[in-house]
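Next comes final32.cif, with mmCIF, C-alpha atoms and all ligand atoms; chains and numbers go by the auth columns.
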```
data_target
#
loop_
_atom_site.group_PDB
_atom_site.id
_atom_site.type_symbol
_atom_site.label_atom_id
_atom_site.label_comp_id
_atom_site.label_asym_id
_atom_site.label_seq_id
_atom_site.Cartn_x
_atom_site.Cartn_y
_atom_site.Cartn_z
_atom_site.B_iso_or_equiv
_atom_site.auth_seq_id
_atom_site.auth_asym_id
ATOM 1 C CA MET A 1 67.574 -46.270 12.030 0.00 240 A
ATOM 2 C CA SER A 2 71.014 -45.447 10.881 0.00 241 A
ATOM 3 C CA TRP A 3 72.886 -43.668 13.674 0.00 242 A
ATOM 4 C CA LEU A 4 75.551 -46.270 13.700 0.00 243 A
ATOM 5 C CA ARG A 5 76.455 -46.474 10.066 0.00 244 A
ATOM 6 C CA ALA A 6 79.824 -45.066 9.061 0.00 245 A
ATOM 7 C CA ALA A 7 80.101 -41.478 10.189 0.00 246 A
ATOM 8 C CA SER A 8 81.175 -38.577 8.078 0.00 247 A
ATOM 9 C CA ALA A 9 81.189 -35.946 10.785 0.00 248 A
ATOM 10 C CA GLY A 10 83.780 -33.235 10.516 0.00 249 A
ATOM 11 C CA THR A 11 83.738 -32.966 6.768 0.00 250 A
ATOM 12 C CA ARG A 12 81.297 -30.100 6.917 0.00 251 A
ATOM 13 C CA LEU A 13 83.164 -28.022 9.471 0.00 252 A
ATOM 14 C CA LEU A 14 83.480 -25.121 7.074 0.00 253 A
ATOM 15 C CA ALA A 15 80.271 -25.709 5.216 0.00 254 A
ATOM 16 C CA ASN A 16 78.238 -22.934 6.777 0.00 255 A
ATOM 17 C CA ARG A 17 80.568 -20.089 5.896 0.00 256 A
ATOM 18 C CA SER A 18 78.058 -18.530 3.516 0.00 257 A
ATOM 19 C CA SER A 19 75.887 -17.484 6.428 0.00 258 A
ATOM 20 C CA VAL A 20 78.723 -15.331 7.721 0.00 259 A
ATOM 21 C CA GLY A 21 79.117 -13.337 4.534 0.00 260 A
ATOM 22 C CA GLY A 22 81.315 -10.291 4.801 0.00 261 A
ATOM 23 C CA ARG A 23 78.829 -8.551 7.031 0.00 262 A
ATOM 24 C CA ARG A 24 80.737 -8.507 10.267 0.00 263 A
ATOM 25 C CA GLY A 25 78.612 -5.699 11.664 0.00 264 A
ATOM 26 C CA ALA A 26 75.274 -7.257 10.859 0.00 265 A
ATOM 27 C CA MET A 27 75.989 -10.527 12.693 0.00 266 A
ATOM 28 C CA GLY A 28 74.064 -12.451 10.110 0.00 267 A
ATOM 29 C CA ALA A 29 70.632 -11.340 11.239 0.00 268 A
ATOM 30 C CA ALA A 30 69.650 -10.388 7.727 0.00 269 A
ATOM 31 C CA GLY A 31 71.196 -13.496 6.281 0.00 270 A
ATOM 32 C CA SER A 32 69.157 -16.580 6.844 0.00 271 A
ATOM 33 C CA GLY A 33 66.055 -15.493 8.668 0.00 272 A
ATOM 34 C CA MET A 34 66.629 -15.132 12.422 0.00 273 A
ATOM 35 C CA GLY A 35 67.485 -18.702 13.081 0.00 274 A
ATOM 36 C CA ASN A 36 64.096 -20.304 13.232 0.00 275 A
ATOM 37 C CA ASN A 37 65.312 -22.849 10.820 0.00 276 A
ATOM 38 C CA THR A 38 64.778 -26.319 12.163 0.00 277 A
ATOM 39 C CA SER A 39 65.468 -28.064 8.886 0.00 278 A
ATOM 40 C CA THR A 40 68.815 -29.141 10.191 0.00 279 A
ATOM 41 C CA SER A 41 70.592 -32.244 9.037 0.00 280 A
ATOM 42 C CA LEU A 42 70.044 -33.592 12.547 0.00 281 A
ATOM 43 C CA GLY A 43 68.574 -37.042 12.312 0.00 282 A
ATOM 44 C CA ASN A 44 68.978 -37.376 8.594 0.00 283 A
ATOM 45 C CA SER A 45 72.531 -38.433 8.092 0.00 284 A
ATOM 46 C CA ALA A 46 74.212 -41.673 8.898 0.00 285 A
ATOM 47 C CA THR A 47 75.955 -40.858 12.152 0.00 286 A
ATOM 48 C CA THR A 48 75.489 -40.809 15.921 0.00 287 A
ATOM 49 C CA PRO A 49 73.498 -38.139 17.797 0.00 288 A
ATOM 50 C CA VAL A 50 76.671 -36.873 19.500 0.00 289 A
ATOM 51 C CA LYS A 51 78.430 -36.504 16.142 0.00 290 A
ATOM 52 C CA GLN A 52 75.459 -34.723 14.629 0.00 291 A
ATOM 53 C CA ILE A 53 75.356 -32.304 17.537 0.00 292 A
ATOM 54 C CA GLN A 54 79.081 -31.703 17.149 0.00 293 A
ATOM 55 C CA GLU A 55 78.583 -31.017 13.467 0.00 294 A
ATOM 56 C CA THR A 56 75.718 -28.614 14.126 0.00 295 A
ATOM 57 C CA ILE A 57 77.652 -26.637 16.736 0.00 296 A
ATOM 58 C CA SER A 58 80.649 -26.448 14.392 0.00 297 A
ATOM 59 C CA ASP A 59 78.501 -25.151 11.568 0.00 298 A
ATOM 60 C CA ASN A 60 76.629 -22.492 13.531 0.00 299 A
ATOM 61 C CA CYS A 61 77.975 -19.781 15.845 0.00 300 A
ATOM 62 C CA VAL A 62 74.910 -20.028 18.090 0.00 301 A
ATOM 63 C CA VAL A 63 72.853 -23.193 18.562 0.00 302 A
ATOM 64 C CA ILE A 64 69.913 -23.510 20.952 0.00 303 A
ATOM 65 C CA PHE A 65 68.589 -26.993 21.709 0.00 304 A
ATOM 66 C CA SER A 66 65.059 -26.182 22.732 0.00 305 A
ATOM 67 C CA LYS A 67 61.466 -27.325 23.111 0.00 306 A
ATOM 68 C CA THR A 68 58.615 -25.362 21.568 0.00 307 A
ATOM 69 C CA SER A 69 56.623 -25.491 24.808 0.00 308 A
ATOM 70 C CA CYS A 70 59.400 -24.140 27.015 0.00 309 A
ATOM 71 C CA SER A 71 59.393 -20.511 28.109 0.00 310 A
ATOM 72 C CA TYR A 72 62.983 -20.693 29.351 0.00 311 A
ATOM 73 C CA CYS A 73 63.838 -21.581 25.777 0.00 312 A
ATOM 74 C CA THR A 74 61.820 -18.643 24.490 0.00 313 A
ATOM 75 C CA MET A 75 63.694 -16.385 26.876 0.00 314 A
ATOM 76 C CA ALA A 76 67.030 -17.689 25.592 0.00 315 A
ATOM 77 C CA LYS A 77 65.985 -17.126 21.968 0.00 316 A
ATOM 78 C CA LYS A 78 64.889 -13.600 22.835 0.00 317 A
ATOM 79 C CA ILE A 79 68.324 -12.741 24.241 0.00 318 A
ATOM 80 C CA PHE A 80 69.979 -13.544 20.899 0.00 319 A
ATOM 81 C CA HIS A 81 67.128 -12.043 18.903 0.00 320 A
ATOM 82 C CA ASP A 82 67.416 -8.774 20.821 0.00 321 A
ATOM 83 C CA MET A 83 71.195 -8.733 20.236 0.00 322 A
ATOM 84 C CA ASN A 84 70.435 -9.079 16.508 0.00 323 A
ATOM 85 C CA VAL A 85 72.402 -12.304 16.428 0.00 324 A
ATOM 86 C CA ASN A 86 71.428 -15.119 14.108 0.00 325 A
ATOM 87 C CA TYR A 87 70.932 -18.425 15.890 0.00 326 A
ATOM 88 C CA LYS A 88 70.080 -21.969 14.999 0.00 327 A
ATOM 89 C CA VAL A 89 67.273 -23.645 16.898 0.00 328 A
ATOM 90 C CA VAL A 90 66.760 -27.370 17.210 0.00 329 A
ATOM 91 C CA GLU A 91 63.303 -28.034 18.672 0.00 330 A
ATOM 92 C CA LEU A 92 63.756 -31.393 20.349 0.00 331 A
ATOM 93 C CA ASP A 93 60.029 -31.942 20.899 0.00 332 A
ATOM 94 C CA MET A 94 59.409 -31.642 17.161 0.00 333 A
ATOM 95 C CA HIS A 95 62.158 -34.056 16.318 0.00 334 A
ATOM 96 C CA GLU A 96 61.740 -37.752 15.675 0.00 335 A
ATOM 97 C CA TYR A 97 64.966 -38.433 17.574 0.00 336 A
ATOM 98 C CA GLY A 98 64.604 -35.649 20.140 0.00 337 A
ATOM 99 C CA ASN A 99 64.988 -38.045 23.043 0.00 338 A
ATOM 100 C CA GLN A 100 68.213 -39.471 21.693 0.00 339 A
ATOM 101 C CA PHE A 101 69.521 -35.948 21.202 0.00 340 A
ATOM 102 C CA GLN A 102 68.598 -35.084 24.776 0.00 341 A
ATOM 103 C CA ASP A 103 70.510 -38.169 25.936 0.00 342 A
ATOM 104 C CA ALA A 104 73.489 -37.093 23.866 0.00 343 A
ATOM 105 C CA LEU A 105 73.298 -33.553 25.243 0.00 344 A
ATOM 106 C CA HIS A 106 73.194 -35.034 28.737 0.00 345 A
ATOM 107 C CA LYS A 107 76.417 -36.904 27.992 0.00 346 A
ATOM 108 C CA MET A 108 78.042 -33.818 26.502 0.00 347 A
ATOM 109 C CA THR A 109 76.927 -31.169 29.033 0.00 348 A
ATOM 110 C CA GLY A 110 76.033 -33.013 32.211 0.00 349 A
ATOM 111 C CA GLU A 111 72.359 -31.973 32.129 0.00 350 A
ATOM 112 C CA ARG A 112 69.351 -33.226 30.235 0.00 351 A
ATOM 113 C CA THR A 113 67.365 -30.015 30.602 0.00 352 A
ATOM 114 C CA VAL A 114 66.470 -27.503 27.931 0.00 353 A
ATOM 115 C CA PRO A 115 67.588 -25.122 26.725 0.00 354 A
ATOM 116 C CA ARG A 116 71.169 -26.257 26.080 0.00 355 A
ATOM 117 C CA ILE A 117 73.067 -23.470 24.399 0.00 356 A
ATOM 118 C CA PHE A 118 76.325 -23.540 22.440 0.00 357 A
ATOM 119 C CA VAL A 119 78.273 -20.524 21.224 0.00 358 A
ATOM 120 C CA ASN A 120 81.341 -20.795 19.028 0.00 359 A
ATOM 121 C CA GLY A 121 81.316 -24.569 19.405 0.00 360 A
ATOM 122 C CA THR A 122 81.340 -24.412 23.198 0.00 361 A
ATOM 123 C CA PHE A 123 78.581 -25.200 25.664 0.00 362 A
ATOM 124 C CA ILE A 124 77.725 -22.017 27.596 0.00 363 A
ATOM 125 C CA GLY A 125 74.862 -23.356 29.712 0.00 364 A
ATOM 126 C CA GLY A 126 71.093 -23.065 29.968 0.00 365 A
ATOM 127 C CA ALA A 127 68.846 -20.047 29.932 0.00 366 A
ATOM 128 C CA THR A 128 69.942 -18.629 33.292 0.00 367 A
ATOM 129 C CA ASP A 129 73.636 -19.009 32.477 0.00 368 A
ATOM 130 C CA THR A 130 73.110 -17.299 29.127 0.00 369 A
ATOM 131 C CA HIS A 131 71.180 -14.486 30.727 0.00 370 A
ATOM 132 C CA ARG A 132 73.957 -13.999 33.268 0.00 371 A
ATOM 133 C CA LEU A 133 76.667 -13.962 30.591 0.00 372 A
ATOM 134 C CA HIS A 134 74.646 -11.380 28.691 0.00 373 A
ATOM 135 C CA LYS A 135 74.216 -9.185 31.780 0.00 374 A
ATOM 136 C CA GLU A 136 77.951 -9.376 32.401 0.00 375 A
ATOM 137 C CA GLY A 137 78.583 -8.254 28.812 0.00 376 A
ATOM 138 C CA LYS A 138 80.335 -11.523 27.961 0.00 377 A
ATOM 139 C CA LEU A 139 77.890 -13.042 25.492 0.00 378 A
ATOM 140 C CA LEU A 140 78.283 -10.772 22.481 0.00 379 A
ATOM 141 C CA PRO A 141 82.108 -11.022 22.533 0.00 380 A
ATOM 142 C CA LEU A 142 81.819 -14.816 22.377 0.00 381 A
ATOM 143 C CA VAL A 143 79.526 -14.598 19.365 0.00 382 A
ATOM 144 C CA HIS A 144 81.706 -11.956 17.764 0.00 383 A
ATOM 145 C CA GLN A 145 84.787 -14.115 18.185 0.00 384 A
ATOM 146 C CA CYS A 146 83.040 -16.876 16.247 0.00 385 A
ATOM 147 C CA TYR A 147 82.151 -14.581 13.359 0.00 386 A
ATOM 148 C CA LEU A 148 85.690 -13.192 13.219 0.00 387 A
ATOM 149 C CA THR A 149 87.147 -16.685 13.096 0.00 388 A
ATOM 150 C CA LYS A 150 84.761 -17.728 10.355 0.00 389 A
ATOM 151 C CA SER A 151 85.563 -14.593 8.330 0.00 390 A
ATOM 152 C CA LYS A 152 89.272 -15.360 8.596 0.00 391 A
ATOM 153 C CA ARG A 153 88.674 -18.894 7.361 0.00 392 A
ATOM 154 C CA LYS A 154 86.753 -17.472 4.459 0.00 393 A
ATOM 155 C CA GLU A 155 89.623 -15.122 3.549 0.00 394 A
ATOM 156 C CA VAL A 156 92.053 -18.026 3.548 0.00 395 A
ATOM 157 C CA GLU A 157 89.845 -19.997 1.195 0.00 396 A
ATOM 158 C CA HIS A 158 89.649 -17.145 -1.336 0.00 397 A
HETATM 159 N N1 LIG B . 68.401 -23.339 35.033 0.00 401 A
HETATM 160 C C1 LIG B . 68.085 -24.110 33.851 0.00 401 A
HETATM 161 C C2 LIG B . 66.710 -24.743 34.009 0.00 401 A
HETATM 162 C C3 LIG B . 66.457 -25.725 32.923 0.00 401 A
HETATM 163 C C4 LIG B . 65.229 -26.571 33.198 0.00 401 A
HETATM 164 O O1 LIG B . 64.870 -26.845 34.348 0.00 401 A
HETATM 165 N N2 LIG B . 64.601 -27.003 32.121 0.00 401 A
HETATM 166 C C5 LIG B . 63.416 -27.811 32.192 0.00 401 A
HETATM 167 C C6 LIG B . 62.350 -27.151 31.374 0.00 401 A
HETATM 168 S S1 LIG B . 62.193 -25.422 31.793 0.00 401 A
HETATM 169 C C7 LIG B . 63.684 -29.172 31.554 0.00 401 A
HETATM 170 O O2 LIG B . 64.521 -29.286 30.698 0.00 401 A
HETATM 171 N N3 LIG B . 62.973 -30.233 31.959 0.00 401 A
HETATM 172 C C8 LIG B . 63.189 -31.555 31.394 0.00 401 A
HETATM 173 C C9 LIG B . 62.785 -31.721 29.956 0.00 401 A
HETATM 174 O O3 LIG B . 62.070 -30.865 29.378 0.00 401 A
HETATM 175 O O4 LIG B . 63.203 -32.726 29.340 0.00 401 A
HETATM 176 C C10 LIG B . 68.149 -23.182 32.648 0.00 401 A
HETATM 177 O O5 LIG B . 68.122 -21.977 32.836 0.00 401 A
HETATM 178 O O6 LIG B . 68.244 -23.651 31.527 0.00 401 A
HETATM 179 S S1 LIG B . 59.942 -23.081 31.159 0.00 402 A
HETATM 180 FE FE1 LIG B . 58.631 -24.751 31.543 0.00 402 A
HETATM 181 S S2 LIG B . 59.371 -26.205 30.174 0.00 402 A
HETATM 182 FE FE2 LIG B . 60.868 -24.703 30.143 0.00 402 A
#
```
Re-express the file's structure as structure tokens.
Ligand SMILES: N[C@@H](CCC(=O)N[C@@H](CS)C(=O)NCC(=O)O)C(=O)O
Ligand code: FES
Amino acid sequence: MSWLRAASAGTRLLANRSSVGGRRGAMGAAGSGMGNNTSTSLGNSATTPVKQIQETISDNCVVIFSKTSCSYCTMAKKIFHDMNVNYKVVELDMHEYGNQFQDALHKMTGERTVPRIFVNGTFIGGATDTHRLHKEGKLLPLVHQCYLTKSKRKEVEH
């Protein structure tokens, strides 16, 4: 297919601002339906898997690369769900290019396992790491920081 055609990654860095809205308190949970949206651009545009992952993690404060059959992944989703935080899920086992994305995630994070979780554009780990961050009270501040930054960008654009 067309991974290797000319890439246009980066141009959509600010494209997802509408999901932030002005609703700082609500963390987007009411916005676009609790993040079960797998209709991502992943796999559809003319670019490499790594670039598409980078684009997805730039566009979304929380991204979970997951498999539908994986209970660790379900546990990770539940953490964000219970915090009332909107998250984007990419179900690699439902994806035509899931294997290539897993390879790319391996390159980017050092592990090929699922889940692979990114907050505010940064890899935070798998399910256990995320659970630990949450228990230590460090997860919500990371998410919050992302929403604050996106709100500021939005103000600048207005
Ligand atoms: N400690 C890791 C464990 C991750 C792990 O072992 N994941 C398994 C599934 S639960 C995996 O990815 N196996 C290989 C695969 O599905 O491709 C975490 O919490 O995320
Ligand atoms: S918990 Fe078994 S595949 Fe993840």
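Near ligand LIG 401 (chain A), at a distance of at most 6 Å and with all atoms listed in the file counted, sit the residues Cys309, Tyr311, Thr352, Val353, Pro354, Gly365, Ala366 and Thr367 of chain A.
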Residues selected by the PyMOL selection byres (((chain A and resi 312-321) around 9) and not hetatm), written as a PyMOL selection string: chain A and resi 268+273-274+301+303-311+322-326+328+353-356+365-367+369-370+373+379
Can you spit out the residues from that selection as a compact mmCIF listing (two decimals), keeping the file's coordinate frame, using C-alpha atoms?
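Dumped everything to part.txt:
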```
# COMPACT_ATOMS: atom_id res chain seq x y z
CA ALA A 268 70.63 -11.34 11.24
CA MET A 273 66.63 -15.13 12.42
CA GLY A 274 67.48 -18.70 13.08
CA VAL A 301 74.91 -20.03 18.09
CA ILE A 303 69.91 -23.51 20.95
CA PHE A 304 68.59 -26.99 21.71
CA SER A 305 65.06 -26.18 22.73
CA LYS A 306 61.47 -27.32 23.11
CA THR A 307 58.62 -25.36 21.57
CA SER A 308 56.62 -25.49 24.81
CA CYS A 309 59.40 -24.14 27.02
CA SER A 310 59.39 -20.51 28.11
CA TYR A 311 62.98 -20.69 29.35
CA MET A 322 71.19 -8.73 20.24
CA ASN A 323 70.44 -9.08 16.51
CA VAL A 324 72.40 -12.30 16.43
CA ASN A 325 71.43 -15.12 14.11
CA TYR A 326 70.93 -18.42 15.89
CA VAL A 328 67.27 -23.64 16.90
CA VAL A 353 66.47 -27.50 27.93
CA PRO A 354 67.59 -25.12 26.72
CA ARG A 355 71.17 -26.26 26.08
CA ILE A 356 73.07 -23.47 24.40
CA GLY A 365 71.09 -23.06 29.97
CA ALA A 366 68.85 -20.05 29.93
CA THR A 367 69.94 -18.63 33.29
CA THR A 369 73.11 -17.30 29.13
CA HIS A 370 71.18 -14.49 30.73
CA HIS A 373 74.65 -11.38 28.69
CA LEU A 379 78.28 -10.77 22.48
```
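Considering all atoms listed in the file, the residue among A:Arg351, A:Lys389, A:Phe357, A:Gln341 positioned nearest to A:Thr295 is A:Phe357.
Between ligand LIG 402 (chain A) and the residues A:Ile296, A:Val358, A:Ala343, A:Leu331, the shortest atom-to-atom distance, using only C-alpha atoms and all ligand atoms, involves A:Leu331.
Going from atom CA of A:His334 over to atom CA of A:Gly364, you cover 21.3 Å.
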Of the residues A:Gln339, A:Val302, A:Glu294, A:Asp332, which is the one nearest to ligand LIG 402 (chain A), using only C-alpha atoms and all ligand atoms? A:Asp332
Once 3 Å is added on each side, what centre and edge lengths in Å to one decimal does the axis-aligned box around all listed atoms of ligand LIG 402 (chain A) have, as lines of an AutoDock Vina configuration file?
```
center_x = 59.7
center_y = -24.6
center_z = 30.8
size_x = 8.2
size_y = 9.1
size_z = 7.4
```
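In this structure, atom CA of A:Lys346 sits 15.8 Å away from atom CA of A:Gly360.
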For stretch 382-394 of chain A of the structure just presented, write all heavy atoms to a file, as a PDB file, in the first residue's frame.
```
ATOM      1  N   VAL A 382      -3.065  14.447  32.043  1.00  0.00           N
ATOM      2  CA  VAL A 382      -4.165  14.655  31.108  1.00  0.00           C
ATOM      3  C   VAL A 382      -4.595  16.115  31.135  1.00  0.00           C
ATOM      4  O   VAL A 382      -4.797  16.758  30.108  1.00  0.00           O
ATOM      5  CB  VAL A 382      -5.366  13.750  31.472  1.00  0.00           C
ATOM      6  CG1 VAL A 382      -6.534  14.004  30.552  1.00  0.00           C
ATOM      7  CG2 VAL A 382      -4.965  12.281  31.418  1.00  0.00           C
ATOM      8  N   HIS A 383      -4.696  16.641  32.359  1.00  0.00           N
ATOM      9  CA  HIS A 383      -5.138  18.014  32.545  1.00  0.00           C
ATOM     10  C   HIS A 383      -4.205  18.989  31.839  1.00  0.00           C
ATOM     11  O   HIS A 383      -4.629  19.931  31.184  1.00  0.00           O
ATOM     12  CB  HIS A 383      -5.191  18.307  34.052  1.00  0.00           C
ATOM     13  CG  HIS A 383      -6.155  19.379  34.395  1.00  0.00           C
ATOM     14  ND1 HIS A 383      -6.265  19.922  35.648  1.00  0.00           N
ATOM     15  CD2 HIS A 383      -7.069  20.027  33.628  1.00  0.00           C
ATOM     16  CE1 HIS A 383      -7.193  20.851  35.640  1.00  0.00           C
ATOM     17  NE2 HIS A 383      -7.698  20.934  34.439  1.00  0.00           N
ATOM     18  N   GLN A 384      -2.912  18.724  31.975  1.00  0.00           N
ATOM     19  CA  GLN A 384      -1.909  19.571  31.328  1.00  0.00           C
ATOM     20  C   GLN A 384      -2.162  19.635  29.819  1.00  0.00           C
ATOM     21  O   GLN A 384      -2.064  20.692  29.200  1.00  0.00           O
ATOM     22  CB  GLN A 384      -0.510  19.019  31.608  1.00  0.00           C
ATOM     23  CG  GLN A 384       0.609  19.885  31.086  1.00  0.00           C
ATOM     24  CD  GLN A 384       0.506  21.314  31.595  1.00  0.00           C
ATOM     25  OE1 GLN A 384       0.358  21.541  32.801  1.00  0.00           O
ATOM     26  NE2 GLN A 384       0.531  22.283  30.692  1.00  0.00           N
ATOM     27  N   CYS A 385      -2.516  18.516  29.242  1.00  0.00           N
ATOM     28  CA  CYS A 385      -2.770  18.448  27.803  1.00  0.00           C
ATOM     29  C   CYS A 385      -3.968  19.315  27.428  1.00  0.00           C
ATOM     30  O   CYS A 385      -3.928  20.079  26.468  1.00  0.00           O
ATOM     31  CB  CYS A 385      -3.001  17.000  27.379  1.00  0.00           C
ATOM     32  SG  CYS A 385      -3.282  16.803  25.617  1.00  0.00           S
ATOM     33  N   TYR A 386      -5.033  19.208  28.227  1.00  0.00           N
ATOM     34  CA  TYR A 386      -6.231  19.999  27.923  1.00  0.00           C
ATOM     35  C   TYR A 386      -5.970  21.484  28.084  1.00  0.00           C
ATOM     36  O   TYR A 386      -6.455  22.297  27.302  1.00  0.00           O
ATOM     37  CB  TYR A 386      -7.402  19.538  28.799  1.00  0.00           C
ATOM     38  CG  TYR A 386      -8.057  18.312  28.213  1.00  0.00           C
ATOM     39  CD1 TYR A 386      -7.586  17.040  28.511  1.00  0.00           C
ATOM     40  CD2 TYR A 386      -9.111  18.430  27.311  1.00  0.00           C
ATOM     41  CE1 TYR A 386      -8.154  15.918  27.947  1.00  0.00           C
ATOM     42  CE2 TYR A 386      -9.689  17.315  26.739  1.00  0.00           C
ATOM     43  CZ  TYR A 386      -9.201  16.058  27.057  1.00  0.00           C
ATOM     44  OH  TYR A 386      -9.759  14.955  26.480  1.00  0.00           O
ATOM     45  N   LEU A 387      -5.180  21.844  29.112  1.00  0.00           N
ATOM     46  CA  LEU A 387      -4.851  23.260  29.313  1.00  0.00           C
ATOM     47  C   LEU A 387      -4.062  23.792  28.122  1.00  0.00           C
ATOM     48  O   LEU A 387      -4.332  24.878  27.609  1.00  0.00           O
ATOM     49  CB  LEU A 387      -4.043  23.448  30.601  1.00  0.00           C
ATOM     50  CG  LEU A 387      -4.819  23.261  31.898  1.00  0.00           C
ATOM     51  CD1 LEU A 387      -3.883  23.351  33.095  1.00  0.00           C
ATOM     52  CD2 LEU A 387      -5.934  24.289  32.009  1.00  0.00           C
ATOM     53  N   THR A 388      -3.091  23.028  27.680  1.00  0.00           N
ATOM     54  CA  THR A 388      -2.275  23.449  26.542  1.00  0.00           C
ATOM     55  C   THR A 388      -3.131  23.609  25.300  1.00  0.00           C
ATOM     56  O   THR A 388      -3.006  24.591  24.570  1.00  0.00           O
ATOM     57  CB  THR A 388      -1.170  22.406  26.280  1.00  0.00           C
ATOM     58  OG1 THR A 388      -0.489  22.166  27.506  1.00  0.00           O
ATOM     59  CG2 THR A 388      -0.189  22.893  25.242  1.00  0.00           C
ATOM     60  N   LYS A 389      -4.028  22.668  25.078  1.00  0.00           N
ATOM     61  CA  LYS A 389      -4.881  22.765  23.891  1.00  0.00           C
ATOM     62  C   LYS A 389      -5.818  23.969  23.980  1.00  0.00           C
ATOM     63  O   LYS A 389      -6.076  24.631  22.991  1.00  0.00           O
ATOM     64  CB  LYS A 389      -5.691  21.480  23.716  1.00  0.00           C
ATOM     65  CG  LYS A 389      -4.886  20.365  23.091  1.00  0.00           C
ATOM     66  CD  LYS A 389      -5.768  19.174  22.793  1.00  0.00           C
ATOM     67  CE  LYS A 389      -4.958  17.970  22.342  1.00  0.00           C
ATOM     68  NZ  LYS A 389      -4.931  17.813  20.891  1.00  0.00           N
ATOM     69  N   SER A 390      -6.338  24.250  25.186  1.00  0.00           N
ATOM     70  CA  SER A 390      -7.205  25.419  25.352  1.00  0.00           C
ATOM     71  C   SER A 390      -6.449  26.694  25.038  1.00  0.00           C
ATOM     72  O   SER A 390      -6.974  27.601  24.399  1.00  0.00           O
ATOM     73  CB  SER A 390      -7.709  25.517  26.791  1.00  0.00           C
ATOM     74  OG  SER A 390      -8.506  24.427  27.087  1.00  0.00           O
ATOM     75  N   LYS A 391      -5.192  26.764  25.498  1.00  0.00           N
ATOM     76  CA  LYS A 391      -4.387  27.960  25.238  1.00  0.00           C
ATOM     77  C   LYS A 391      -4.190  28.154  23.748  1.00  0.00           C
ATOM     78  O   LYS A 391      -4.320  29.255  23.231  1.00  0.00           O
ATOM     79  CB  LYS A 391      -3.028  27.840  25.936  1.00  0.00           C
ATOM     80  CG  LYS A 391      -3.109  28.044  27.413  1.00  0.00           C
ATOM     81  CD  LYS A 391      -1.897  28.812  27.947  1.00  0.00           C
ATOM     82  CE  LYS A 391      -2.000  28.985  29.456  1.00  0.00           C
ATOM     83  NZ  LYS A 391      -1.632  27.759  30.185  1.00  0.00           N
ATOM     84  N   ARG A 392      -3.898  27.034  23.047  1.00  0.00           N
ATOM     85  CA  ARG A 392      -3.726  27.130  21.599  1.00  0.00           C
ATOM     86  C   ARG A 392      -4.989  27.671  20.958  1.00  0.00           C
ATOM     87  O   ARG A 392      -4.960  28.480  20.062  1.00  0.00           O
ATOM     88  CB  ARG A 392      -3.465  25.755  21.011  1.00  0.00           C
ATOM     89  CG  ARG A 392      -2.053  25.297  21.144  1.00  0.00           C
ATOM     90  CD  ARG A 392      -1.891  24.061  20.288  1.00  0.00           C
ATOM     91  NE  ARG A 392      -0.824  23.234  20.796  1.00  0.00           N
ATOM     92  CZ  ARG A 392      -0.827  21.917  20.744  1.00  0.00           C
ATOM     93  NH1 ARG A 392      -1.846  21.275  20.199  1.00  0.00           N
ATOM     94  NH2 ARG A 392       0.167  21.222  21.216  1.00  0.00           N
ATOM     95  N   LYS A 393      -6.111  27.206  21.469  1.00  0.00           N
ATOM     96  CA  LYS A 393      -7.388  27.622  20.902  1.00  0.00           C
ATOM     97  C   LYS A 393      -7.586  29.127  21.093  1.00  0.00           C
ATOM     98  O   LYS A 393      -8.007  29.827  20.192  1.00  0.00           O
ATOM     99  CB  LYS A 393      -8.514  26.837  21.577  1.00  0.00           C
ATOM    100  CG  LYS A 393      -9.813  26.906  20.824  1.00  0.00           C
ATOM    101  CD  LYS A 393     -10.866  26.090  21.546  1.00  0.00           C
ATOM    102  CE  LYS A 393     -12.230  26.637  21.237  1.00  0.00           C
ATOM    103  NZ  LYS A 393     -13.034  25.873  20.362  1.00  0.00           N
ATOM    104  N   GLU A 394      -7.243  29.621  22.310  1.00  0.00           N
ATOM    105  CA  GLU A 394      -7.370  31.060  22.566  1.00  0.00           C
ATOM    106  C   GLU A 394      -6.524  31.855  21.583  1.00  0.00           C
ATOM    107  O   GLU A 394      -6.959  32.857  21.036  1.00  0.00           O
ATOM    108  CB  GLU A 394      -6.896  31.387  23.991  1.00  0.00           C
ATOM    109  CG  GLU A 394      -7.970  31.173  25.040  1.00  0.00           C
ATOM    110  CD  GLU A 394      -7.392  31.103  26.444  1.00  0.00           C
ATOM    111  OE1 GLU A 394      -6.342  31.745  26.673  1.00  0.00           O
ATOM    112  OE2 GLU A 394      -7.975  30.403  27.290  1.00  0.00           O
TER     113      GLU A 394
END
```
